[in-house]
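Report on the following structure.
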Amino acid sequence: MARLRGPRGCPWDQEQTHQSLARCLVDECSELLETIDRGDLPHMREELGDVLIQVVFHALLAEEVGAFDFDDVARDINTKLIRRHPHVFGKDRLKNTGEVLAQWEVIKAAEKASRGETGPAPIFKHLPPKLPALMFAEAVAKQIKKKQLPAAGAVDAAKIKRRAAKLTRASLGRQLFELAAAAAARGLDSEGALRRHADRVTQRVEKKVRGG
């Protein structure tokens with residue numbers, strides 16, 4: 001990659017920035033997810049390489065301006081994994097996933113305090129603004145359930161429970177496709193509609209939690 005970016009390298013690679021590569025990373029991750037869904041290990045290997053080169057590319061761009069390099073990226077994640085798994089790398093012992101997740105939140109809170117970050121913790125953890133609407137909605141729903149947030153009036157829990165009992169992977173895919181197709185037939189933006197509704201759900205839940 002350094003050679004591609006170098007004086008006698010590739011014009012396209014030489015022109016790239018973090019911003020111009022952002023969509024490439026999304027596309028490569030989407031292609032990797034497709035191989036995972038298919039259980040296609042030979043092509044998964046290829047797509048993992050495509051994702052990896054995006055990480056290398058961004059690290060090299062940062063190195064060029066003296067910010068950090070690939071070794072720093074690898075070292076940081078290694079240190080974080082050790083710090084967040086004292087039950088593996090330390091003396092703590094945990095019995096199940098529930099205990100692991102509870103400890104995870106305690107460790108992350110301590111990390112935040114050590115950075116001098118004060119104020120009330122966000123009700124919904126930060127989600128990338130470019131996260132696809134369906135992934136965003138799923139993440140919001142999971143946090144409502146995990147944190148037992150007051151969602152009455154924003155989410156019909158009983159209806160969701162009834163629908164969940166009837167869902168299969170095949171029926172879910174069919175229903176989602178039919179909704180997307182119906183939206184297209186009406187000239188409606190299904191991605192935008194879902195994102196706006198999910199945003200309204202978070203706002204209503206946050207208002208309840210804050211006592212509004």
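Following the order of the structure tokens, chains are lettered A, B, ..., residues in each are numbered from 1, and ligands are numbered from 1.
Those residues that approach Ile123 of chain A to within 12 Å, counting only C-alpha atoms, are Val140, Gln143, Ile144, Lys146, Lys147, Gln148, Leu149, Pro150, Thr202, Gln203, Arg204, Val205, Glu206, Lys207, Lys208, Val209 and Arg210 of chain A; same-chain residues fewer than 5 positions away are not listed.
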Could you dump the residues just selected with N, CA and C atoms as a tab-separated table (two decimals), in the first residue's frame?
chain	number	residue	atom	x	y	z
A	140	VAL	N	-31.35	-0.28	18.28
A	140	VAL	CA	-32.21	0.44	19.22
A	140	VAL	C	-33.10	-0.55	19.98
A	143	GLN	N	-31.16	-2.50	22.61
A	143	GLN	CA	-30.82	-1.73	23.79
A	143	GLN	C	-32.03	-1.50	24.68
A	144	ILE	N	-33.19	-1.32	24.07
A	144	ILE	CA	-34.41	-1.18	24.86
A	144	ILE	C	-34.64	-2.42	25.70
A	146	LYS	N	-32.31	-4.87	26.43
A	146	LYS	CA	-31.18	-5.13	27.33
A	146	LYS	C	-31.22	-4.25	28.57
A	147	LYS	N	-31.52	-2.95	28.38
A	147	LYS	CA	-31.52	-2.01	29.50
A	147	LYS	C	-32.88	-1.87	30.15
A	148	GLN	N	-33.89	-2.61	29.62
A	148	GLN	CA	-35.25	-2.55	30.15
A	148	GLN	C	-35.74	-1.10	30.22
A	149	LEU	N	-35.59	-0.41	29.10
A	149	LEU	CA	-35.97	1.00	29.03
A	149	LEU	C	-37.49	1.14	28.90
A	150	PRO	N	-38.04	2.22	29.44
A	150	PRO	CA	-39.49	2.44	29.35
A	150	PRO	C	-39.88	2.84	27.92
A	202	THR	N	-36.22	6.50	19.74
A	202	THR	CA	-35.15	6.86	20.68
A	202	THR	C	-35.49	8.16	21.41
A	203	GLN	N	-36.06	9.12	20.70
A	203	GLN	CA	-36.39	10.40	21.33
A	203	GLN	C	-37.47	10.23	22.40
A	204	ARG	N	-38.49	9.41	22.10
A	204	ARG	CA	-39.57	9.20	23.06
A	204	ARG	C	-39.07	8.45	24.30
A	205	VAL	N	-38.23	7.43	24.07
A	205	VAL	CA	-37.69	6.66	25.20
A	205	VAL	C	-36.79	7.55	26.05
A	206	GLU	N	-35.93	8.33	25.42
A	206	GLU	CA	-35.05	9.22	26.16
A	206	GLU	C	-35.85	10.23	26.98
A	207	LYS	N	-36.94	10.72	26.42
A	207	LYS	CA	-37.79	11.67	27.15
A	207	LYS	C	-38.38	11.03	28.40
A	208	LYS	N	-38.81	9.76	28.28
A	208	LYS	CA	-39.37	9.05	29.43
A	208	LYS	C	-38.32	8.83	30.51
A	209	VAL	N	-37.11	8.43	30.08
A	209	VAL	CA	-36.05	8.17	31.03
A	209	VAL	C	-35.64	9.44	31.77
A	210	ARG	N	-35.61	10.55	31.04
A	210	ARG	CA	-35.21	11.83	31.63
A	210	ARG	C	-36.33	12.47	32.44
Which residues, written as a list in words, have at least one atom at most 12 Å from segment 88-103 of chain A, with only C-alpha atoms counted and residues fewer than 6 positions away on the same chain left out? Asn78, Thr79, Lys80, Leu81, Ile82, Ala109, Ala110, Lys146 and Lys147 of chain A
Tell me, which residues of segment 52-175 of chain A carry DSSP alpha helix (DSSP H), written as a ChimeraX atom specification? /A:52-64,70-83,86-89,97-114,133-147,157-166,169-175
All residues 8 Å or closer to segment 177-194 of chain A, only C-alpha atoms, same chain fewer than 3 positions away omitted, as a list in words: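 After dropping sequence-adjacent residues, the list is Pro132, Ala133, Leu134, Ala137, Gly173, Arg174, His197 and Ala198 of chain A.
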Find the spatial neighbours of Gly6 of chain A, counting only C-alpha atoms, within a cut-off of 12 Å - ignore same-chain residues fewer than 5 positions away - and output them as a VMD selection string. chain A and resid 1 11 to 15 60 to 61 64
Export, as a PDB file, in the first residue's frame, the selected residues with C-alpha atoms.
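The resulting out25.pdb:
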ATOM      1  CA  MET A   1       0.000   0.000   0.000  1.00  0.00           C
ATOM      2  CA  PRO A  11      -2.853   7.690  -9.407  1.00  0.00           C
ATOM      3  CA  TRP A  12      -6.149   6.468  -7.934  1.00  0.00           C
ATOM      4  CA  ASP A  13      -4.581   5.365  -4.642  1.00  0.00           C
ATOM      5  CA  GLN A  14      -2.598   8.597  -4.440  1.00  0.00           C
ATOM      6  CA  GLU A  15      -5.790  10.670  -4.617  1.00  0.00           C
ATOM      7  CA  LEU A  60      -1.282   4.568   6.159  1.00  0.00           C
ATOM      8  CA  LEU A  61      -3.131   7.832   5.486  1.00  0.00           C
ATOM      9  CA  GLU A  64       1.477  10.103   6.407  1.00  0.00           C
TER      10      GLU A  64
END
